[in-house]
>>> print(open('query-v4.csv').read())   # CSV, C-alpha atoms
chain,number,residue,atom,x,y,z
D,141,MET,CA,-60.0,-100.8,-110.9
D,142,PRO,CA,-58.2,-98.3,-108.7
D,143,GLU,CA,-57.7,-94.8,-110.0
D,144,ARG,CA,-54.1,-94.2,-111.3
D,145,THR,CA,-53.6,-91.2,-109.1
D,146,ALA,CA,-53.3,-91.3,-105.3
D,147,ALA,CA,-55.5,-89.3,-103.1
D,148,ALA,CA,-54.1,-86.4,-101.1
D,149,GLY,CA,-53.6,-86.7,-97.4
D,150,HIS,CA,-52.1,-90.2,-97.3
D,151,PRO,CA,-50.8,-91.3,-93.9
D,152,TYR,CA,-47.2,-90.5,-94.5
D,153,GLN,CA,-47.5,-87.1,-96.2
D,154,SER,CA,-46.3,-85.3,-93.2
D,155,LEU,CA,-43.3,-87.7,-92.5
D,156,THR,CA,-40.6,-85.4,-93.8
D,157,PRO,CA,-36.8,-86.0,-93.2
D,158,ASP,CA,-36.9,-83.3,-90.5
D,159,VAL,CA,-39.8,-85.0,-88.7
D,160,VAL,CA,-37.8,-88.3,-88.9
D,161,MET,CA,-34.8,-86.6,-87.2
D,162,ASP,CA,-37.0,-84.8,-84.6
D,163,ALA,CA,-38.7,-88.1,-83.7
D,164,LEU,CA,-35.3,-89.7,-83.2
D,165,ALA,CA,-34.1,-86.8,-81.0
D,166,SER,CA,-37.3,-87.2,-78.9
D,167,VAL,CA,-35.9,-90.5,-77.6
D,168,GLY,CA,-32.4,-89.1,-77.0
D,169,LEU,CA,-30.7,-90.2,-80.2
D,170,PHE,CA,-29.2,-87.6,-82.5
D,171,GLY,CA,-28.6,-88.2,-86.2
D,172,ASP,CA,-25.7,-86.7,-88.1
D,173,GLY,CA,-28.0,-85.9,-91.1
D,174,ARG,CA,-27.5,-89.1,-93.1
D,175,GLN,CA,-30.7,-91.1,-93.5
D,176,MET,CA,-31.8,-93.7,-96.1
D,177,ALA,CA,-35.2,-95.0,-96.8
D,178,LEU,CA,-35.3,-98.8,-96.7
D,179,SER,CA,-37.5,-101.1,-98.7
D,180,SER,CA,-40.9,-101.1,-97.0
D,181,TYR,CA,-44.4,-100.4,-98.2
D,182,GLU,CA,-46.7,-101.0,-95.3
D,183,ASN,CA,-44.6,-98.9,-92.9
D,184,ARG,CA,-41.8,-96.4,-93.4
D,185,VAL,CA,-38.4,-97.5,-92.4
D,186,TYR,CA,-35.2,-95.5,-92.4
D,187,GLN,CA,-31.6,-96.2,-91.7
D,188,LEU,CA,-30.0,-93.3,-89.8
D,189,HIS,CA,-26.4,-92.6,-88.8
D,190,LEU,CA,-26.0,-91.2,-85.3
D,191,GLU,CA,-23.6,-88.5,-84.2
D,192,ASP,CA,-21.8,-91.0,-81.9
D,193,GLY,CA,-21.0,-93.2,-85.0
D,194,GLY,CA,-23.8,-95.8,-84.4
D,195,VAL,CA,-26.4,-96.8,-87.0
D,196,VAL,CA,-30.0,-97.5,-86.2
D,197,VAL,CA,-33.2,-98.4,-88.1
D,198,VAL,CA,-36.3,-96.4,-87.3
D,199,LYS,CA,-39.8,-97.8,-88.2
D,200,PHE,CA,-42.8,-95.6,-88.4
D,201,TYR,CA,-45.9,-97.7,-88.2
D,202,ARG,CA,-48.8,-97.1,-90.6
D,203,PRO,CA,-51.4,-95.2,-88.7
D,204,GLN,CA,-54.5,-97.1,-87.7
D,205,ARG,CA,-53.2,-100.5,-88.7
D,206,TRP,CA,-52.1,-101.9,-85.4
D,207,SER,CA,-53.1,-100.7,-81.9
D,208,ASP,CA,-50.4,-99.8,-79.4
D,209,ALA,CA,-51.3,-103.1,-77.6
D,210,GLN,CA,-50.8,-105.1,-80.7
D,211,ILE,CA,-47.4,-103.4,-81.5
D,212,LEU,CA,-46.2,-103.9,-78.0
D,213,GLU,CA,-47.2,-107.6,-78.2
D,214,GLU,CA,-45.0,-108.0,-81.3
D,215,HIS,CA,-42.2,-106.3,-79.4
D,216,GLY,CA,-42.7,-108.6,-76.4
D,217,PHE,CA,-42.5,-111.6,-78.7
D,218,ALA,CA,-39.3,-110.3,-80.3
D,219,GLN,CA,-37.8,-109.8,-76.8
D,220,ALA,CA,-38.7,-113.3,-75.8
D,221,LEU,CA,-37.0,-114.7,-78.9
D,222,MET,CA,-33.9,-112.6,-78.1
D,223,ASP,CA,-33.9,-113.8,-74.5
D,224,ALA,CA,-33.8,-117.3,-75.9
D,225,GLU,CA,-30.7,-116.3,-77.9
D,226,ILE,CA,-32.5,-116.6,-81.2
D,227,PRO,CA,-31.1,-114.2,-83.8
D,228,VAL,CA,-34.1,-111.9,-84.2
D,229,VAL,CA,-33.6,-108.1,-84.6
D,230,GLY,CA,-36.0,-106.5,-82.1
D,231,PRO,CA,-36.5,-102.9,-81.0
D,232,LEU,CA,-34.4,-101.1,-78.5
D,233,VAL,CA,-35.6,-100.1,-75.1
D,234,LEU,CA,-35.3,-96.3,-75.0
D,235,GLN,CA,-36.6,-94.1,-72.1
D,236,GLY,CA,-38.2,-97.2,-70.7
D,237,SER,CA,-40.2,-98.4,-73.7
D,238,THR,CA,-39.8,-99.9,-77.1
D,239,LEU,CA,-42.8,-98.0,-78.6
D,240,HIS,CA,-42.7,-94.2,-78.9
D,241,HIS,CA,-45.0,-91.5,-80.4
D,242,PHE,CA,-44.1,-88.3,-82.2
D,243,GLY,CA,-46.8,-86.2,-83.9
D,244,ASP,CA,-49.2,-88.6,-85.6
D,245,PHE,CA,-46.9,-91.5,-85.7
D,246,ALA,CA,-46.0,-94.5,-83.5
D,247,PHE,CA,-42.4,-95.6,-84.0
D,248,SER,CA,-39.6,-97.9,-82.8
D,249,VAL,CA,-35.9,-97.9,-83.1
D,250,SER,CA,-33.8,-101.1,-83.7
D,251,PRO,CA,-30.1,-101.8,-84.1
D,252,TRP,CA,-29.0,-101.9,-87.7
D,253,ARG,CA,-27.9,-105.4,-89.0
D,254,GLY,CA,-26.5,-106.0,-92.4
D,255,GLY,CA,-26.8,-109.2,-94.4
D,256,ARG,CA,-27.7,-110.7,-97.7
D,257,LEU,CA,-30.5,-113.0,-98.9
D,258,PRO,CA,-30.0,-116.6,-97.8
D,259,GLU,CA,-28.9,-119.1,-100.5
D,260,LEU,CA,-31.9,-121.4,-100.1
D,261,ASP,CA,-30.7,-123.7,-102.8
D,262,ASP,CA,-28.0,-124.8,-100.4
D,263,PRO,CA,-29.3,-127.7,-98.2
D,264,ASP,CA,-27.0,-126.6,-95.3
D,265,VAL,CA,-28.6,-123.1,-95.3
D,266,LEU,CA,-32.1,-124.5,-95.5
D,267,GLU,CA,-31.4,-126.9,-92.6
D,268,TRP,CA,-29.9,-124.1,-90.5
D,269,VAL,CA,-33.0,-121.9,-91.2
D,270,GLY,CA,-35.2,-124.9,-90.2
D,271,ARG,CA,-33.5,-125.2,-86.9
D,272,PHE,CA,-34.0,-121.5,-86.0
D,273,LEU,CA,-37.6,-121.6,-87.1
D,274,ALA,CA,-38.2,-124.5,-84.7
D,275,ARG,CA,-36.6,-122.5,-81.9
D,276,ILE,CA,-38.8,-119.5,-82.8
D,277,HIS,CA,-41.9,-121.7,-82.7
D,278,ALA,CA,-40.9,-123.3,-79.4
D,279,VAL,CA,-41.0,-119.8,-77.9
D,280,GLY,CA,-44.2,-119.0,-79.9
D,281,ALA,CA,-46.0,-122.0,-78.5
D,282,VAL,CA,-45.4,-121.0,-74.8
D,283,GLN,CA,-48.4,-118.6,-74.8
D,284,PRO,CA,-50.8,-117.1,-77.3
D,285,PHE,CA,-51.1,-113.6,-78.5
D,286,GLU,CA,-53.9,-111.8,-76.7
D,287,HIS,CA,-54.3,-108.7,-79.0
D,288,ARG,CA,-52.9,-109.7,-82.4
D,289,PRO,CA,-55.2,-111.6,-84.8
D,290,ALA,CA,-55.0,-115.0,-86.3
D,291,LEU,CA,-54.1,-115.9,-89.9
D,292,ASP,CA,-57.4,-117.5,-90.9
D,293,LEU,CA,-60.1,-117.9,-93.6
D,294,SER,CA,-62.2,-115.0,-92.3
D,295,SER,CA,-59.5,-112.2,-92.1
D,296,PHE,CA,-57.3,-113.2,-95.0
D,297,GLY,CA,-59.9,-114.7,-97.3
D,298,MET,CA,-63.5,-113.8,-96.8
D,299,ALA,CA,-62.8,-110.2,-95.7
D,300,SER,CA,-60.4,-109.6,-98.6
D,301,ARG,CA,-62.9,-110.9,-101.2
D,302,GLU,CA,-65.9,-109.0,-99.7
D,303,TRP,CA,-63.9,-105.7,-99.6
D,304,LEU,CA,-62.7,-106.0,-103.2
D,305,LEU,CA,-66.2,-106.7,-104.5
D,306,ALA,CA,-67.9,-104.1,-102.3
D,307,HIS,CA,-65.4,-101.4,-103.5
D,308,ASP,CA,-65.7,-102.3,-107.2
D,309,GLN,CA,-62.0,-103.1,-107.4
D,310,VAL,CA,-62.4,-105.9,-110.0
D,311,PRO,CA,-63.2,-104.7,-113.5
D,312,LEU,CA,-66.6,-105.7,-114.8
D,313,ASP,CA,-65.2,-107.9,-117.6
D,314,VAL,CA,-63.4,-110.0,-115.0
D,315,GLN,CA,-65.6,-109.7,-112.0
D,316,SER,CA,-67.9,-112.7,-112.6
D,317,PRO,CA,-65.1,-115.3,-113.2
D,318,TRP,CA,-63.0,-113.8,-110.3
D,319,ALA,CA,-65.9,-113.9,-107.9
D,320,LYS,CA,-66.7,-117.5,-108.9
D,321,ALA,CA,-63.0,-118.7,-108.6
D,322,SER,CA,-62.4,-116.9,-105.4
D,323,GLN,CA,-65.6,-118.4,-103.8
D,324,GLN,CA,-64.6,-121.9,-105.0
D,325,ALA,CA,-61.2,-121.4,-103.4
D,326,LEU,CA,-62.7,-120.2,-100.1
D,327,ASP,CA,-65.1,-123.1,-100.0
D,328,LEU,CA,-62.2,-125.6,-100.3
D,329,ILE,CA,-60.2,-123.7,-97.6
D,330,ALA,CA,-63.3,-123.9,-95.3
D,331,GLY,CA,-62.7,-127.6,-95.0
D,332,HIS,CA,-59.6,-127.0,-92.9
D,333,ALA,CA,-60.7,-126.5,-89.3
D,334,CYS,CA,-57.4,-125.0,-88.3
D,335,LEU,CA,-58.0,-122.0,-90.7
D,336,THR,CA,-61.7,-121.5,-89.7
D,337,GLY,CA,-61.6,-121.9,-85.9
D,338,ALA,CA,-64.3,-124.6,-86.1
D,339,PRO,CA,-64.1,-127.7,-83.9
D,340,SER,CA,-62.0,-130.4,-85.5
D,341,GLN,CA,-62.3,-134.2,-85.3
D,342,GLY,CA,-59.5,-135.6,-83.2
D,343,GLU,CA,-56.7,-133.5,-81.9
D,344,ALA,CA,-56.6,-130.0,-83.3
D,345,ILE,CA,-53.6,-128.6,-85.2
D,346,GLN,CA,-51.9,-126.2,-82.9
D,347,ARG,CA,-51.9,-122.5,-83.6
D,348,ILE,CA,-48.9,-120.7,-82.2
D,349,ARG,CA,-47.3,-117.3,-82.4
D,350,LEU,CA,-45.6,-117.0,-85.8
D,351,HIS,CA,-43.2,-114.7,-87.6
D,352,GLY,CA,-46.1,-114.6,-90.1
D,353,ASP,CA,-44.3,-113.3,-93.2
D,354,CYS,CA,-41.2,-115.5,-93.3
D,355,HIS,CA,-40.2,-115.0,-97.0
D,356,PRO,CA,-36.5,-115.0,-98.0
D,357,GLY,CA,-36.4,-111.1,-97.8
D,358,ASN,CA,-37.0,-111.3,-94.1
D,359,ILE,CA,-34.1,-113.5,-93.4
D,360,LEU,CA,-30.7,-111.9,-93.6
D,361,TRP,CA,-27.7,-114.1,-93.9
D,362,THR,CA,-24.3,-113.2,-92.4
D,363,PRO,CA,-21.4,-115.0,-94.1
D,364,LEU,CA,-20.0,-117.9,-92.1
D,365,GLU,CA,-16.4,-116.8,-92.6
D,366,LEU,CA,-17.0,-113.8,-90.3
D,367,PRO,CA,-16.1,-114.0,-86.6
D,368,ALA,CA,-18.5,-115.4,-84.1
D,369,SER,CA,-19.1,-111.9,-82.7
D,370,ALA,CA,-20.8,-111.0,-86.0
D,371,GLY,CA,-23.4,-113.7,-85.5
D,372,PRO,CA,-22.8,-115.7,-88.7
D,373,GLY,CA,-25.8,-117.5,-90.2
D,374,PRO,CA,-29.4,-116.4,-90.5
D,375,HIS,CA,-31.1,-113.6,-88.5
D,376,PHE,CA,-34.8,-112.8,-88.8
D,377,VAL,CA,-36.2,-109.3,-89.2
D,378,ASP,CA,-39.6,-107.7,-89.5
D,379,LEU,CA,-42.1,-109.3,-87.1
D,380,ASP,CA,-44.7,-106.7,-88.2
D,381,ASP,CA,-47.0,-109.5,-89.5
D,382,ALA,CA,-46.7,-111.8,-86.5
D,383,ARG,CA,-50.0,-113.6,-85.9
D,384,MET,CA,-51.4,-116.8,-84.5
D,385,GLY,CA,-51.4,-119.7,-87.0
D,386,PRO,CA,-50.1,-123.1,-87.9
D,387,ALA,CA,-46.3,-123.6,-87.9
D,388,VAL,CA,-46.2,-124.4,-91.6
D,389,GLN,CA,-47.0,-120.8,-92.4
D,390,ASP,CA,-43.4,-119.9,-91.6
D,391,LEU,CA,-42.0,-122.7,-93.9
D,392,TRP,CA,-43.9,-122.7,-97.1
D,393,MET,CA,-42.8,-119.3,-98.4
D,394,LEU,CA,-39.2,-120.5,-98.4
D,395,LEU,CA,-40.1,-123.2,-101.0
D,396,SER,CA,-39.8,-122.6,-104.8
D,397,GLY,CA,-39.6,-124.5,-108.0
D,398,ASP,CA,-41.6,-127.6,-109.2
D,399,ARG,CA,-43.1,-130.2,-106.9
D,400,PRO,CA,-40.0,-132.4,-106.6
D,401,GLN,CA,-37.9,-129.3,-105.8
D,402,ARG,CA,-40.3,-128.1,-103.2
D,403,SER,CA,-40.5,-131.6,-101.7
D,404,ARG,CA,-36.7,-131.7,-101.3
D,405,GLN,CA,-36.5,-128.2,-99.9
D,406,LEU,CA,-39.3,-128.9,-97.4
D,407,GLY,CA,-37.7,-132.2,-96.4
D,408,THR,CA,-34.4,-130.3,-95.6
D,409,LEU,CA,-36.2,-127.6,-93.7
D,410,VAL,CA,-38.1,-130.2,-91.6
D,411,ASP,CA,-34.9,-132.2,-91.0
D,412,GLY,CA,-33.5,-129.0,-89.4
D,413,TYR,CA,-36.7,-128.2,-87.7
D,414,GLU,CA,-37.1,-131.5,-86.0
D,415,GLN,CA,-33.8,-131.2,-84.3
D,416,PHE,CA,-35.5,-128.8,-81.9
D,417,ARG,CA,-39.3,-129.3,-82.2
D,418,PRO,CA,-41.6,-132.0,-83.7
D,419,PHE,CA,-43.4,-131.0,-86.9
D,420,ASP,CA,-47.0,-132.1,-87.3
D,421,ARG,CA,-47.2,-133.7,-90.8
D,422,ARG,CA,-51.0,-132.9,-91.0
D,423,GLU,CA,-49.9,-129.3,-91.6
D,424,LEU,CA,-48.6,-130.2,-95.0
D,425,ALA,CA,-52.2,-130.1,-96.2
D,426,LEU,CA,-52.4,-126.4,-95.3
D,427,ILE,CA,-49.6,-125.2,-97.6
D,428,GLU,CA,-51.8,-124.6,-100.7
D,429,PRO,CA,-54.8,-123.2,-98.7
D,430,LEU,CA,-52.3,-120.8,-97.0
D,431,ARG,CA,-50.9,-119.8,-100.4
D,432,THR,CA,-54.4,-119.2,-101.7
D,433,LEU,CA,-55.2,-117.0,-98.7
D,434,ARG,CA,-52.1,-115.0,-99.3
D,435,LEU,CA,-53.0,-114.5,-102.9
D,436,LEU,CA,-56.4,-113.0,-102.0
D,437,HIS,CA,-55.0,-110.9,-99.2
D,438,TYR,CA,-52.3,-109.5,-101.4
D,439,SER,CA,-54.8,-108.1,-103.9
D,440,ALA,CA,-56.9,-106.6,-101.2
D,441,TRP,CA,-53.8,-105.1,-99.5
D,442,LEU,CA,-52.7,-103.4,-102.7
D,443,ALA,CA,-56.2,-102.0,-103.3
D,444,ARG,CA,-56.6,-100.8,-99.7
D,445,ARG,CA,-53.3,-98.9,-99.9
D,446,TRP,CA,-53.8,-97.3,-103.3
D,447,ASP,CA,-54.1,-93.8,-101.8
D,448,ASP,CA,-50.4,-94.1,-100.6
D,449,PRO,CA,-48.3,-92.7,-103.5
D,450,THR,CA,-45.7,-95.4,-103.1
D,451,PHE,CA,-48.1,-98.0,-104.2
D,452,PRO,CA,-49.0,-96.7,-107.7
D,453,ARG,CA,-45.3,-96.0,-108.2
D,454,HIS,CA,-44.1,-99.5,-107.3
D,455,PHE,CA,-47.1,-101.5,-108.5
D,456,PRO,CA,-48.2,-99.8,-111.8
D,457,TRP,CA,-49.5,-103.1,-113.1
D,458,PHE,CA,-52.1,-103.6,-110.4
D,459,GLY,CA,-55.8,-103.2,-111.1
D,460,SER,CA,-55.9,-103.7,-114.9
D,461,SER,CA,-58.0,-106.3,-116.5
D,462,ASP,CA,-54.9,-108.2,-117.4
D,463,TYR,CA,-53.9,-108.3,-113.7
D,464,TRP,CA,-57.3,-109.7,-112.6
D,465,GLN,CA,-57.4,-112.2,-115.5
D,466,GLY,CA,-54.1,-113.4,-114.2
D,467,GLN,CA,-55.6,-113.6,-110.7
D,468,VAL,CA,-58.4,-115.8,-112.0
D,469,GLN,CA,-55.9,-118.1,-113.6
D,470,MET,CA,-53.9,-118.4,-110.4
D,471,LEU,CA,-57.0,-119.0,-108.4
D,472,GLN,CA,-58.0,-121.8,-110.7
D,473,GLU,CA,-54.5,-123.3,-110.4
D,474,GLN,CA,-54.8,-123.1,-106.6
D,475,ILE,CA,-58.2,-124.8,-106.7
D,476,GLU,CA,-56.5,-127.7,-108.5
D,477,ALA,CA,-53.5,-127.6,-106.2
D,478,MET,CA,-55.7,-127.7,-103.1
D,479,GLN,CA,-57.3,-130.9,-104.4
D,480,GLU,CA,-54.0,-132.7,-105.0
D,481,GLU,CA,-52.2,-134.8,-102.5
D,482,PRO,CA,-50.1,-132.5,-100.2
D,483,LEU,CA,-46.3,-132.6,-100.3
D,484,VAL,CA,-44.7,-135.5,-98.4
D,485,VAL,CA,-41.6,-135.3,-96.2
>>> encode(input="query-v4.csv", output="structure tokens")
Amino acid sequence: MPERTAAAGHPYQSLTPDVVMDALASVGLFGDGRQMALSSYENRVYQLHLEDGGVVVVKFYRPQRWSDAQILEEHGFAQALMDAEIPVVGPLVLQGSTLHHFGDFAFSVSPWRGGRLPELDDPDVLEWVGRFLARIHAVGAVQPFEHRPALDLSSFGMASREWLLAHDQVPLDVQSPWAKASQQALDLIAGHACLTGAPSQGEAIQRIRLHGDCHPGNILWTPLELPASAGPGPHFVDLDDARMGPAVQDLWMLLSGDRPQRSRQLGTLVDGYEQFRPFDRRELALIEPLRTLRLLHYSAWLARRWDDPTFPRHFPWFGSSDYWQGQVQMLQEQIEAMQEEPLVV
């Protein structure tokens, strides 16, 4: 169980409001003093008003998470999507580059775009989102990432489990059942060649460049009644978790409710998707394995970031015996779900 106090010297301790303003000035943009922290835990993201009346979003990347090459590869993917007229919010080119450094931080600057969460219970909205996801994937399939990792069993599942156990993050009274359930889950996931990199029988499921973290909070919806210049409809933000993986990774996090509800939602998404790109039905069997990998990765992510004061403040429930007992139950439910027939569309 993590200590309930954060260690001193966390990565963002020196990122004061003055440093944020100075970093912005270093690329020729000058704030008028108004800045607001936006919701982000992995990085630090601020909305800043400029002296010329503009508004930008500045992202300071967590030190030692991504290399410059990996960040620039994300930026290149965003630019390719924008070049294809896909509504993605990518970084601005300032002084000849999208990636900048100030002090100990790498940062980028993007235009500010407003919007609200999409109403995913509306079939028209889901179909629209499906069309744009297919267009994102069509660009993503053109070439692979060279520097960014894949979403797979090793990095999301095995590494997460091993780190949590090696660092005594699971309380002793829950450690044995959690270790058993997590290993059973990983053994089931290992049967999917697409998630292990092992050779597969027949034609392999394609792994492409993905958004990677396509939950509703990373899709901003602009009301349709606004003029065309406002770009009504969905626009996609935060490619920070872009990786190689199966296309269904960008669909399953948009599903909610019971099995019949998820089936209807998925069918609508795929209807929109297939207006622009075929969808491989074999990927439906990956939904529950991918959900399980995210479950394991999320616990490890919280534990690894516990020295950052924002984590104990926003996730006070993490690390208790009750939390880990809940994880055991969810893993057992996922073990059952992975053995059921996949959703059908």
>>> atom_distance(input="query-v4.csv", atom1="atom CA of D:Val310", atom2="atom CA of D:Trp464")
6.9 Å
>>> closest_residue(input="query-v4.csv", among="D:Asp264, D:Glu259, D:Asp313, D:Asp378", to="D:Trp361", atoms="all atoms listed in the file")
D:Glu259
>>> residues_around(input="query-v4.csv", residues="stretch 290-297 of chain D", least_positions_apart="3", cutoff="10 Å", atoms="all atoms listed in the file", output="PyMOL selection string")
chain D and resi 285+287+300-302+322-323+325-327+329-330+332-337+347-350+352+381-386+389+429-430+432-438+440-441
>>> closest_residue(input="query-v4.csv", among="D:Glu286, D:Asp420, D:Asp448, D:Asp223", to="D:Tyr181", atoms="only C-alpha atoms")
D:Asp448
>>> closest_atom_pairs(input="query-v4.csv", of="stretch 192-289 of chain D", to="stretch 397-408 of chain D", cutoff="10 Å", atoms="only C-alpha atoms", output="Markdown table")
| residue | atom | partner | partner_atom | distance |
| --- | --- | --- | --- | --- |
| D:Leu260 | CA | D:Gln405 | CA | 8.2 |
| D:Asp261 | CA | D:Gln405 | CA | 7.9 |
| D:Asp262 | CA | D:Gln405 | CA | 9.2 |
| D:Pro263 | CA | D:Thr408 | CA | 6.3 |
| D:Asp264 | CA | D:Thr408 | CA | 8.3 |
| D:Val265 | CA | D:Thr408 | CA | 9.3 |
| D:Leu266 | CA | D:Thr408 | CA | 6.2 |
| D:Glu267 | CA | D:Thr408 | CA | 5.4 |
| D:Trp268 | CA | D:Thr408 | CA | 9.2 |
| D:Val269 | CA | D:Thr408 | CA | 9.6 |
| D:Gly270 | CA | D:Thr408 | CA | 7.7 |
>>> write_last_selection(input="query-v4.csv", atoms="C-alpha atoms", output="tab-separated table (two decimals), in the coordinates of the input")
chain	number	residue	atom	x	y	z
D	260	LEU	CA	-31.90	-121.40	-100.10
D	261	ASP	CA	-30.70	-123.70	-102.80
D	262	ASP	CA	-28.00	-124.80	-100.40
D	263	PRO	CA	-29.30	-127.70	-98.20
D	264	ASP	CA	-27.00	-126.60	-95.30
D	265	VAL	CA	-28.60	-123.10	-95.30
D	266	LEU	CA	-32.10	-124.50	-95.50
D	267	GLU	CA	-31.40	-126.90	-92.60
D	268	TRP	CA	-29.90	-124.10	-90.50
D	269	VAL	CA	-33.00	-121.90	-91.20
D	270	GLY	CA	-35.20	-124.90	-90.20
>>> residues_around(input="query-v4.csv", residues="D:Tyr413", least_positions_apart="5", cutoff="7 Å", atoms="all atoms listed in the file", output="VMD selection string")
chain D and resid 270 to 271 273 to 274
>>> write_last_selection(input="query-v4.csv", atoms="C-alpha atoms", output="mmCIF file, in the frame of the given file")
data_model
loop_
_atom_site.group_PDB
_atom_site.id
_atom_site.type_symbol
_atom_site.label_atom_id
_atom_site.label_comp_id
_atom_site.auth_asym_id
_atom_site.auth_seq_id
_atom_site.Cartn_x
_atom_site.Cartn_y
_atom_site.Cartn_z
ATOM 1 C CA GLY D 270 -35.200 -124.900 -90.200
ATOM 2 C CA ARG D 271 -33.500 -125.200 -86.900
ATOM 3 C CA LEU D 273 -37.600 -121.600 -87.100
ATOM 4 C CA ALA D 274 -38.200 -124.500 -84.700
#
>>> decode(input="query-v4.csv", residues="stretch 462-480 of chain D", atoms="N, CA and C atoms", output="JSON list (two decimals), in the first residue's frame")
[["chain", "number", "residue", "atom", "x", "y", "z"],
["D", 462, "ASP", "N", -9.54, -2.41, 0.79],
["D", 462, "ASP", "CA", -10.83, -2.40, 0.09],
["D", 462, "ASP", "C", -10.62, -2.18, -1.41],
["D", 463, "TYR", "N", -9.69, -1.28, -1.76],
["D", 463, "TYR", "CA", -9.43, -1.05, -3.18],
["D", 463, "TYR", "C", -8.97, -2.34, -3.84],
["D", 464, "TRP", "N", -7.99, -3.03, -3.24],
["D", 464, "TRP", "CA", -7.43, -4.23, -3.88],
["D", 464, "TRP", "C", -8.41, -5.39, -3.86],
["D", 465, "GLN", "N", -9.25, -5.48, -2.85],
["D", 465, "GLN", "CA", -10.30, -6.50, -2.87],
["D", 465, "GLN", "C", -11.26, -6.25, -4.02],
["D", 466, "GLY", "N", -11.55, -4.96, -4.26],
["D", 466, "GLY", "CA", -12.37, -4.62, -5.41],
["D", 466, "GLY", "C", -11.70, -5.00, -6.72],
["D", 467, "GLN", "N", -10.36, -4.84, -6.78],
["D", 467, "GLN", "CA", -9.63, -5.23, -7.99],
["D", 467, "GLN", "C", -9.69, -6.74, -8.20],
["D", 468, "VAL", "N", -9.60, -7.50, -7.13],
["D", 468, "VAL", "CA", -9.72, -8.96, -7.26],
["D", 468, "VAL", "C", -11.06, -9.33, -7.85],
["D", 469, "GLN", "N", -12.12, -8.70, -7.33],
["D", 469, "GLN", "CA", -13.45, -8.99, -7.84],
["D", 469, "GLN", "C", -13.58, -8.62, -9.32],
["D", 470, "MET", "N", -13.04, -7.46, -9.69],
["D", 470, "MET", "CA", -13.12, -7.05, -11.09],
["D", 470, "MET", "C", -12.31, -7.98, -11.99],
["D", 471, "LEU", "N", -11.15, -8.43, -11.52],
["D", 471, "LEU", "CA", -10.36, -9.36, -12.32],
["D", 471, "LEU", "C", -11.10, -10.69, -12.49],
["D", 472, "GLN", "N", -11.75, -11.15, -11.43],
["D", 472, "GLN", "CA", -12.53, -12.38, -11.55],
["D", 472, "GLN", "C", -13.67, -12.22, -12.53],
["D", 473, "GLU", "N", -14.30, -11.05, -12.52],
["D", 473, "GLU", "CA", -15.36, -10.78, -13.50],
["D", 473, "GLU", "C", -14.80, -10.74, -14.91],
["D", 474, "GLN", "N", -13.61, -10.18, -15.06],
["D", 474, "GLN", "CA", -12.99, -10.12, -16.38],
["D", 474, "GLN", "C", -12.58, -11.52, -16.86],
["D", 475, "ILE", "N", -12.14, -12.36, -15.95],
["D", 475, "ILE", "CA", -11.81, -13.75, -16.32],
["D", 475, "ILE", "C", -13.03, -14.44, -16.91],
["D", 476, "GLU", "N", -14.19, -14.23, -16.29],
["D", 476, "GLU", "CA", -15.43, -14.79, -16.82],
["D", 476, "GLU", "C", -15.79, -14.16, -18.15],
["D", 477, "ALA", "N", -15.66, -12.83, -18.24],
["D", 477, "ALA", "CA", -16.03, -12.14, -19.48],
["D", 477, "ALA", "C", -15.16, -12.57, -20.65],
["D", 478, "MET", "N", -13.88, -12.80, -20.39],
["D", 478, "MET", "CA", -12.98, -13.20, -21.47],
["D", 478, "MET", "C", -13.28, -14.60, -21.99],
["D", 479, "GLN", "N", -14.03, -15.38, -21.22],
["D", 479, "GLN", "CA", -14.38, -16.73, -21.65],
["D", 479, "GLN", "C", -15.78, -16.80, -22.26],
["D", 480, "GLU", "N", -16.49, -15.69, -22.26],
["D", 480, "GLU", "CA", -17.80, -15.63, -22.89],
["D", 480, "GLU", "C", -17.64, -15.34, -24.39]]
